[in-house]
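What's in coords06.txt: compact mmCIF, C-alpha atoms
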```txt
# COMPACT_ATOMS: atom_id res chain seq x y z
CA MET A 22 -21.52 18.21 -0.94
CA SER A 23 -18.80 18.42 -3.58
CA ALA A 24 -15.51 20.22 -4.10
CA PRO A 25 -15.49 23.11 -6.59
CA ASP A 26 -15.12 22.13 -10.26
CA THR A 27 -11.93 24.18 -10.62
CA LEU A 28 -10.30 22.29 -7.76
CA VAL A 29 -11.38 18.93 -9.17
CA ALA A 30 -9.93 19.90 -12.56
CA GLU A 31 -6.61 20.78 -10.91
CA VAL A 32 -6.48 17.46 -9.07
CA LEU A 33 -7.19 15.58 -12.31
CA ASP A 34 -4.52 17.55 -14.18
CA ARG A 35 -1.98 16.68 -11.51
CA THR A 36 -3.12 13.05 -11.53
CA ARG A 37 -2.26 12.85 -15.23
CA VAL A 38 1.16 14.41 -14.66
CA LEU A 39 1.98 12.09 -11.77
CA ALA A 40 0.75 8.96 -13.51
CA GLN A 41 2.98 9.70 -16.49
CA THR A 42 6.02 10.17 -14.22
CA PRO A 43 7.67 6.81 -13.44
CA ALA A 44 8.16 6.12 -9.73
CA PRO A 45 9.05 2.51 -8.95
CA SER A 46 9.75 1.88 -5.28
CA PHE A 47 13.07 3.44 -4.19
CA HIS A 48 13.02 5.73 -7.26
CA GLU A 49 10.32 8.25 -6.37
CA GLY A 50 12.48 11.38 -6.66
CA ASP A 51 10.87 12.85 -9.79
CA ARG A 52 7.39 12.60 -8.32
CA ALA A 53 8.58 13.97 -4.99
CA ALA A 54 10.01 17.01 -6.80
CA LEU A 55 6.68 17.64 -8.53
CA VAL A 56 4.74 17.38 -5.29
CA SER A 57 7.19 19.61 -3.41
CA GLY A 58 6.79 22.30 -6.06
CA TRP A 59 3.00 22.16 -6.00
CA TRP A 60 2.77 22.26 -2.22
CA ALA A 61 5.20 25.16 -1.97
CA GLU A 62 2.53 27.28 -3.69
CA TRP A 63 0.38 27.24 -0.55
CA ALA A 64 2.31 25.68 2.34
CA ALA A 65 4.52 27.62 4.71
CA GLU A 66 6.45 24.43 5.48
CA VAL A 67 7.42 21.84 2.86
CA ASP A 68 10.17 19.37 3.70
CA VAL A 69 11.68 16.21 2.25
CA ASP A 70 12.86 13.90 5.01
CA ALA A 71 15.80 11.50 5.19
CA VAL A 72 14.11 8.70 3.21
CA GLY A 73 12.45 10.92 0.58
CA ASN A 74 8.97 11.48 2.03
CA VAL A 75 7.46 14.91 1.33
CA TRP A 76 5.79 16.70 4.27
CA ALA A 77 3.68 19.86 4.34
CA ARG A 78 1.66 21.57 7.03
CA VAL A 79 -1.88 22.35 5.88
CA ARG A 80 -3.19 23.84 9.12
CA PRO A 81 -1.39 24.81 12.34
CA GLY A 82 -2.80 24.17 15.76
CA ASP A 83 -2.26 22.75 19.20
CA GLY A 84 -2.11 19.07 19.98
CA PRO A 85 -1.37 15.98 17.89
CA ALA A 86 -1.88 16.30 14.16
CA VAL A 87 -3.96 14.37 11.68
CA VAL A 88 -1.56 13.21 8.98
CA VAL A 89 -3.07 12.38 5.59
CA ALA A 90 -0.70 10.17 3.58
CA ALA A 91 -0.59 8.86 0.02
CA HIS A 92 2.24 6.90 -1.55
CA LEU A 93 4.41 8.13 -4.40
CA ASP A 94 5.70 4.76 -5.59
CA THR A 95 4.17 2.35 -8.09
CA VAL A 96 4.68 -1.28 -9.13
CA PHE A 97 5.76 -0.30 -12.67
CA SER A 98 9.35 -0.08 -13.88
CA ALA A 99 10.68 3.16 -15.32
CA ASP A 100 10.72 1.76 -18.89
CA PHE A 101 7.02 0.79 -18.73
CA ASP A 102 4.56 2.71 -20.92
CA HIS A 103 3.03 5.27 -18.55
CA SER A 104 0.57 6.81 -21.01
CA VAL A 105 -2.73 8.10 -19.65
CA VAL A 106 -5.92 8.12 -21.73
CA GLU A 107 -9.20 9.88 -20.90
CA ARG A 108 -12.39 8.37 -22.26
CA ASP A 109 -16.07 8.40 -21.26
CA GLY A 110 -15.55 9.96 -17.86
CA HIS A 111 -12.61 7.75 -16.95
CA LEU A 112 -8.84 8.04 -16.78
CA PHE A 113 -6.94 4.93 -17.86
CA GLY A 114 -3.28 4.26 -17.22
CA PRO A 115 -0.78 2.68 -14.83
CA SER A 116 -1.09 4.08 -11.30
CA VAL A 117 -3.90 6.56 -12.01
CA GLY A 118 -5.82 5.23 -9.02
CA ASP A 119 -3.01 3.60 -7.06
CA ASP A 120 -1.96 6.10 -6.03
CA SER A 121 -1.60 9.11 -8.35
CA VAL A 122 -5.05 10.61 -7.78
CA ALA A 123 -4.61 10.26 -4.02
CA VAL A 124 -1.26 12.06 -4.06
CA ALA A 125 -2.78 14.79 -6.23
CA ALA A 126 -5.71 15.06 -3.80
CA LEU A 127 -3.47 15.85 -0.83
CA GLY A 128 -2.76 19.31 -2.18
CA ALA A 129 -6.47 20.11 -2.38
CA LEU A 130 -6.90 20.04 1.40
CA ASP A 131 -5.59 23.57 1.80
CA ALA A 132 -8.55 24.84 -0.24
CA LEU A 133 -11.10 22.49 1.32
CA LEU A 134 -10.42 22.68 5.05
CA PRO A 135 -11.79 25.57 7.15
CA PRO A 136 -9.22 27.98 8.62
CA ASP A 137 -9.52 26.20 11.97
CA PRO A 138 -10.55 22.56 11.51
CA GLY A 139 -10.01 21.91 15.21
CA GLY A 140 -6.34 20.98 15.24
CA PRO A 141 -3.21 20.65 13.12
CA VAL A 142 -3.33 18.88 9.76
CA TRP A 143 -0.33 17.72 7.74
CA VAL A 144 -0.05 15.94 4.39
CA LEU A 145 2.58 13.33 3.60
CA ALA A 146 3.64 11.81 0.28
CA THR A 147 5.39 8.57 1.20
CA VAL A 148 8.00 6.42 -0.48
CA GLY A 149 8.28 2.63 -0.45
CA GLU A 150 4.67 1.60 0.11
CA GLU A 151 4.42 -0.93 -2.70
CA GLY A 152 5.86 -4.44 -2.75
CA LEU A 153 9.42 -4.69 -1.53
CA GLY A 154 9.29 -1.06 -0.43
CA ASN A 155 8.01 -2.63 2.80
CA LEU A 156 6.40 0.60 4.08
CA THR A 157 9.78 2.32 4.27
CA GLY A 158 8.36 5.83 4.08
CA ILE A 159 5.52 5.62 6.57
CA ARG A 160 7.65 3.65 9.05
CA HIS A 161 10.24 6.43 9.00
CA ALA A 162 7.54 9.10 9.20
CA LEU A 163 6.09 7.55 12.34
CA SER A 164 9.50 7.11 13.96
CA ALA A 165 10.79 10.63 13.22
CA PRO A 166 7.86 12.97 12.51
CA PRO A 167 8.13 16.78 12.42
CA VAL A 168 5.03 16.97 14.61
CA GLU A 169 3.29 14.75 17.13
CA ILE A 170 0.95 12.44 15.20
CA GLY A 171 -2.51 11.81 16.60
CA ALA A 172 -4.06 9.94 13.68
CA VAL A 173 -3.19 8.73 10.20
CA ILE A 174 -5.47 8.63 7.16
CA ALA A 175 -3.94 6.66 4.32
CA LEU A 176 -5.38 7.54 0.91
CA GLU A 177 -5.81 4.86 -1.74
CA GLY A 178 -7.22 6.82 -4.64
CA ASN A 179 -9.91 4.50 -6.00
CA TRP A 180 -11.53 3.37 -2.73
CA LEU A 181 -14.37 5.87 -2.36
CA GLY A 182 -16.95 4.30 -0.03
CA ARG A 183 -14.46 2.01 1.68
CA VAL A 184 -13.23 2.68 5.21
CA CYS A 185 -10.34 0.34 5.77
CA SER A 186 -10.36 -0.40 9.50
CA THR A 187 -8.46 -3.70 9.40
CA ALA A 188 -4.84 -3.77 8.30
CA VAL A 189 -3.96 -7.00 6.52
CA GLY A 190 -0.50 -8.07 7.63
CA SER A 191 1.98 -9.83 5.37
CA VAL A 192 5.20 -11.79 5.63
CA ARG A 193 7.30 -12.27 2.51
CA ARG A 194 10.12 -14.78 2.27
CA ARG A 195 12.44 -16.24 -0.36
CA VAL A 196 13.17 -19.89 0.35
CA THR A 197 16.15 -21.51 -1.39
CA LEU A 198 17.03 -25.21 -1.37
CA ARG A 199 20.53 -26.39 -2.33
CA GLY A 200 21.69 -29.95 -3.00
CA PRO A 201 24.40 -31.94 -4.76
CA GLY A 202 22.86 -31.87 -8.23
CA GLY A 203 24.01 -34.35 -10.88
CA HIS A 204 23.20 -36.00 -14.18
CA ALA A 205 19.53 -36.76 -14.75
CA TRP A 206 20.31 -40.44 -15.48
CA GLU A 207 23.67 -41.20 -13.96
CA ALA A 208 22.75 -39.50 -10.67
CA SER A 209 19.02 -40.12 -10.81
CA GLU A 210 18.87 -40.91 -7.09
CA ALA A 211 20.37 -37.56 -6.10
CA PRO A 212 17.82 -35.19 -4.57
CA SER A 213 16.66 -32.50 -6.98
CA ALA A 214 16.19 -29.05 -5.47
CA VAL A 215 13.41 -28.34 -7.97
CA HIS A 216 11.54 -31.44 -6.85
CA GLY A 217 12.16 -30.43 -3.24
CA VAL A 218 10.76 -26.93 -3.79
CA ALA A 219 7.73 -28.40 -5.56
CA ARG A 220 7.01 -30.62 -2.58
CA VAL A 221 7.41 -27.75 -0.12
CA VAL A 222 5.07 -25.51 -2.12
CA ALA A 223 2.46 -28.24 -2.50
CA THR A 224 2.58 -29.04 1.22
CA LEU A 225 2.33 -25.37 2.13
CA ASP A 226 -0.61 -24.87 -0.20
CA SER A 227 -2.56 -27.76 1.33
CA ALA A 228 -1.68 -27.10 4.97
CA GLN A 229 -4.43 -26.27 7.45
CA ARG A 230 -4.89 -22.54 7.98
CA PRO A 231 -6.36 -20.48 10.80
CA ILE A 232 -10.15 -20.52 10.78
CA ASP A 233 -10.76 -17.38 12.86
CA ALA A 234 -9.39 -14.88 10.31
CA ARG A 235 -9.16 -14.53 6.57
CA THR A 236 -5.74 -15.61 5.30
CA ALA A 237 -3.93 -16.04 1.98
CA VAL A 238 -0.84 -17.98 0.90
CA ASN A 239 0.67 -17.09 -2.46
CA VAL A 240 3.85 -18.36 -4.12
CA GLY A 241 4.31 -15.63 -6.67
CA ARG A 242 7.67 -16.57 -8.18
CA ILE A 243 9.69 -19.76 -8.51
CA GLY A 244 12.92 -20.74 -10.25
CA GLY A 245 16.08 -22.81 -10.23
CA GLY A 246 17.96 -25.65 -11.87
CA THR A 247 20.55 -25.57 -14.64
CA ALA A 248 19.32 -27.87 -17.45
CA ILE A 249 16.50 -30.22 -18.35
CA ASN A 250 18.86 -33.19 -18.06
CA ALA A 251 20.40 -32.23 -14.72
CA ARG A 252 19.23 -32.85 -11.18
CA ALA A 253 18.80 -29.32 -9.87
CA ASP A 254 21.46 -28.24 -7.40
CA HIS A 255 19.40 -25.22 -6.37
CA ALA A 256 15.83 -23.91 -6.54
CA TRP A 257 13.89 -21.13 -4.85
CA PHE A 258 10.45 -19.63 -4.41
CA ASP A 259 9.03 -16.33 -3.14
CA VAL A 260 6.02 -16.63 -0.86
CA ASP A 261 3.60 -13.99 0.41
CA LEU A 262 1.63 -14.84 3.55
CA ARG A 263 -1.28 -12.59 4.53
CA ALA A 264 -3.78 -12.45 7.36
CA GLU A 265 -6.26 -10.08 8.97
CA SER A 266 -4.84 -10.62 12.46
CA GLN A 267 -1.31 -10.84 13.79
CA ALA A 268 -2.08 -14.14 15.55
CA ALA A 269 -3.24 -15.73 12.30
CA LEU A 270 -0.21 -14.33 10.47
CA ASP A 271 2.11 -15.77 13.11
CA GLU A 272 0.42 -19.15 12.62
CA LEU A 273 1.03 -19.01 8.87
CA VAL A 274 4.69 -18.21 9.49
CA ALA A 275 5.00 -21.18 11.85
CA THR A 276 3.51 -23.45 9.19
CA LEU A 277 5.98 -22.15 6.60
CA GLU A 278 8.91 -22.70 8.94
CA SER A 279 7.91 -26.26 9.84
CA THR A 280 7.21 -27.17 6.21
CA VAL A 281 10.58 -25.85 5.06
CA ALA A 282 12.40 -27.51 7.97
CA ALA A 283 10.99 -30.90 6.91
CA ALA A 284 13.04 -30.66 3.70
CA ALA A 285 16.31 -30.18 5.57
CA GLY A 286 17.27 -33.86 5.41
CA ASP A 287 18.05 -33.63 1.70
CA PHE A 288 18.93 -29.98 1.21
CA ALA A 289 20.68 -27.01 2.70
CA ILE A 290 18.05 -24.35 3.25
CA GLU A 291 18.24 -20.56 3.15
CA VAL A 292 15.32 -18.32 4.13
CA GLU A 293 15.58 -14.64 3.24
CA SER A 294 13.18 -12.00 4.53
CA LEU A 295 11.70 -9.87 1.73
CA GLY A 296 9.50 -7.78 4.00
CA ASP A 297 7.04 -7.79 6.87
CA ARG A 298 3.89 -5.72 7.32
CA PRO A 299 2.18 -5.87 10.70
CA ALA A 300 -1.49 -6.71 10.95
CA GLY A 301 -3.75 -4.55 13.08
CA ALA A 302 -7.14 -2.94 13.42
CA ILE A 303 -8.98 0.06 14.77
CA ASP A 304 -12.20 -0.36 16.73
CA PRO A 305 -15.21 0.22 14.43
CA THR A 306 -16.60 2.62 17.04
CA HIS A 307 -13.45 4.76 17.15
CA PRO A 308 -14.14 8.45 16.43
CA LEU A 309 -11.93 8.34 13.32
CA VAL A 310 -13.96 5.50 11.81
CA LEU A 311 -17.27 7.12 12.75
CA ALA A 312 -16.17 10.46 11.28
CA ALA A 313 -15.41 8.78 7.95
CA LEU A 314 -18.69 6.86 7.86
CA GLU A 315 -20.69 9.97 8.74
CA ALA A 316 -18.94 12.03 6.08
CA LEU A 317 -19.72 9.38 3.47
CA ASP A 318 -23.35 9.19 4.58
CA ALA A 319 -23.71 12.97 4.38
CA ALA A 320 -22.45 12.78 0.79
CA GLY A 321 -24.99 10.10 -0.09
CA ILE A 322 -22.40 7.31 -0.23
CA VAL A 323 -22.82 4.02 1.59
CA GLY A 324 -19.72 3.35 3.69
CA GLU A 325 -18.24 -0.13 4.02
CA LEU A 326 -15.69 -1.32 6.58
CA THR A 327 -12.99 -3.30 4.79
CA ALA A 328 -9.58 -4.93 5.24
CA ALA A 329 -6.48 -4.21 3.16
CA SER A 330 -2.75 -3.52 3.28
CA THR A 331 -1.82 0.18 3.17
CA ASP A 332 0.40 2.76 4.82
CA ALA A 333 -2.05 2.57 7.74
CA ASN A 334 -0.54 -0.82 8.67
CA ALA A 335 2.51 0.84 10.17
CA ALA A 336 0.46 3.00 12.52
CA HIS A 337 -1.34 0.24 14.42
CA PRO A 338 1.66 -1.34 16.21
CA VAL A 339 2.86 2.07 17.46
CA GLY A 340 -0.57 2.95 18.87
CA VAL A 341 -1.60 5.61 16.35
CA PRO A 342 -5.26 5.41 15.21
CA ALA A 343 -5.37 4.85 11.45
CA ILE A 344 -7.76 4.14 8.61
CA ALA A 345 -7.53 4.14 4.82
CA LEU A 346 -9.96 5.99 2.55
CA GLY A 347 -10.40 6.77 -1.15
CA VAL A 348 -11.36 9.84 -3.16
CA THR A 349 -12.96 8.27 -6.23
CA ARG A 350 -13.87 4.89 -7.71
CA GLY A 351 -11.80 2.69 -9.98
CA GLY A 352 -10.19 -0.66 -10.53
CA GLY A 353 -7.52 -2.65 -12.33
CA GLU A 354 -4.81 -1.76 -9.85
CA HIS A 355 -1.28 -2.89 -10.74
CA THR A 356 -2.21 -3.44 -14.40
CA PRO A 357 -1.70 -1.32 -17.55
CA ASP A 358 -5.49 -0.91 -17.76
CA GLU A 359 -5.93 0.66 -14.33
CA TRP A 360 -8.76 3.21 -14.31
CA ILE A 361 -10.62 5.75 -12.22
CA GLU A 362 -13.93 7.56 -12.62
CA THR A 363 -13.63 11.33 -12.77
CA ALA A 364 -17.19 12.28 -11.76
CA PRO A 365 -17.10 11.11 -8.10
CA LEU A 366 -13.85 12.94 -7.32
CA GLY A 367 -15.54 16.16 -6.16
CA ARG A 368 -17.58 14.31 -3.56
CA GLY A 369 -14.59 12.22 -2.55
CA LEU A 370 -12.48 15.29 -1.84
CA SER A 371 -15.23 16.81 0.26
CA VAL A 372 -15.72 13.55 2.19
CA LEU A 373 -12.01 13.55 3.03
CA ALA A 374 -12.12 17.13 4.32
CA ALA A 375 -15.29 16.45 6.32
CA THR A 376 -13.74 13.34 7.89
CA ILE A 377 -10.76 15.35 9.11
CA THR A 378 -12.83 18.24 10.46
CA THR A 379 -15.39 16.04 12.18
CA TYR A 380 -12.70 13.95 13.84
CA LEU A 381 -10.65 16.89 15.07
CA ARG A 382 -13.59 18.84 16.44
CA ARG A 383 -14.80 15.83 18.41
CA THR A 384 -11.45 14.86 19.86
CA THR A 385 -9.62 18.13 20.55
```

In structure tokens, write the structure found in this file.
Amino acid sequence: MSAPDTLVAEVLDRTRVLAQTPAPSFHEGDRAALVSGWWAEWAAEVDVDAVGNVWARVRPGDGPAVVVAAHLDTVFSADFDHSVVERDGHLFGPSVGDDSVAVAALGALDALLPPDPGGPVWVLATVGEEGLGNLTGIRHALSAPPVEIGAVIALEGNWLGRVCSTAVGSVRRRVTLRGPGGHAWEASEAPSAVHGVARVVATLDSAQRPIDARTAVNVGRIGGGTAINARADHAWFDVDLRAESQAALDELVATLESTVAAAAGDFAIEVESLGDRPAGAIDPTHPLVLAALEALDAAGIVGELTAASTDANAAHPVGVPAIALGVTRGGGEHTPDEWIETAPLGRGLSVLAATITTYLRRTT
């Protein structure tokens, strides 16, 4: 089971074009214009919504729709080198797998799905999925959709074989400590905000964590102070807390809050929210999960249930069944050397179409 070679070639061509078009979060307009133009070739309805998401109806029908979403934005700035190189059956370049090939794949569903797959199908190119985008696009899509949504499939291009059934939640905060500062010698007893931040980070890193779910604590950025010979009057750090369950995530947040509060005797403290992604999960026996696993098995691919953070996160708290899938294999996400394999793409496209059809025909 594999998509036609001509269709695969078109998806790869569009992957190259997208990957070479800068689209940092909140600046996805150029990619959205490309996608809108491509989809207008086959779709009767193509719309750009209030936040910049691109919608198109692939198949009409009665009842709630399956919405297949892939994100337009990347982690790379506009002035980054976006060159794409093809070598030995691979494409190399920033965002080729995350998520250019997935966005390009959305347009192939019109050719792959039967005339009546069992219900309505829409595709959605979202904005603001990466980093501080904080799922802006998919949150808006779920709150103000053009059609009733019955299920969401989030595409992450290089995940072929993975069925993401657990949404890893995250809480991101910037913590700033402010104090009196002073001369490194003359005011050596004054509290240093840099020292205070270092203690908070060390305490947070060594704190006990939930044992009933996988978690992660990462301080990704840190800064502050004015000079090597001055007691720092300010310092800050950015922290990313992640967990597979909302209860575990809430526990991590409580630990952060208590650890930061303990520094309040010496410093004024500011905590700024940089984004929150809800945790959630879909039952492994849900028809959407089973449809994906069966489609992979029929294509000779071993399916694996996994956990990750994707556009699917936003669907769980509003009661919409959601999973994340891929259409080929790859790696190196968020690096200049990101890559995908071109050979598996045909099977990946067919697996996606089979997942949709199997799910709709069993549930409508």

Within-7 Å shell of (16.8, -27.8, -1.4) in input frame, only C-alpha atoms, as a PyMOL selection string: chain A and resi 197-200+214+217-218+255-256+284+287-290

Proximity to Ile322 in chain A - best of A:Val339, A:Val281, A:Val372, A:Ala61, all atoms listed in the file: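 Looking only at the distances to Ile322 in chain A, the closest residue turns out to be A:Val372.
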
Separation of CA of Gly73 in chain A from CA of Gly154 in chain A in Å: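 We find that CA of Gly154 in chain A and CA of Gly73 in chain A lie 12.4 Å from each other.
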
Nearest-residue call for Ala126 in chain A, choices A:Glu315, A:Glu177, A:Glu354, A:Glu210, using only C-alpha atoms: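 Smallest separation from Ala126 in chain A among the options: A:Glu177.
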
Atom-to-atom span, CA of Leu311 in chain A and CA of Pro135 in chain A, Å: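 Taking CA of Leu311 in chain A as the start and CA of Pro135 in chain A as the end point, the length is 20.0 Å.
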
CA of Thr157 in chain A to CA of Val89 in chain A, straight-line distance in Å: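 Here the two named atoms are 16.4 Å from each other.
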
Closest of A:Asp83, A:Glu31, A:Asp68, A:Asp109 to Glu362 in chain A - atom-to-atom distances counting only C-alpha atoms: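 Selected residue with least distance to Glu362 in chain A: A:Asp109.
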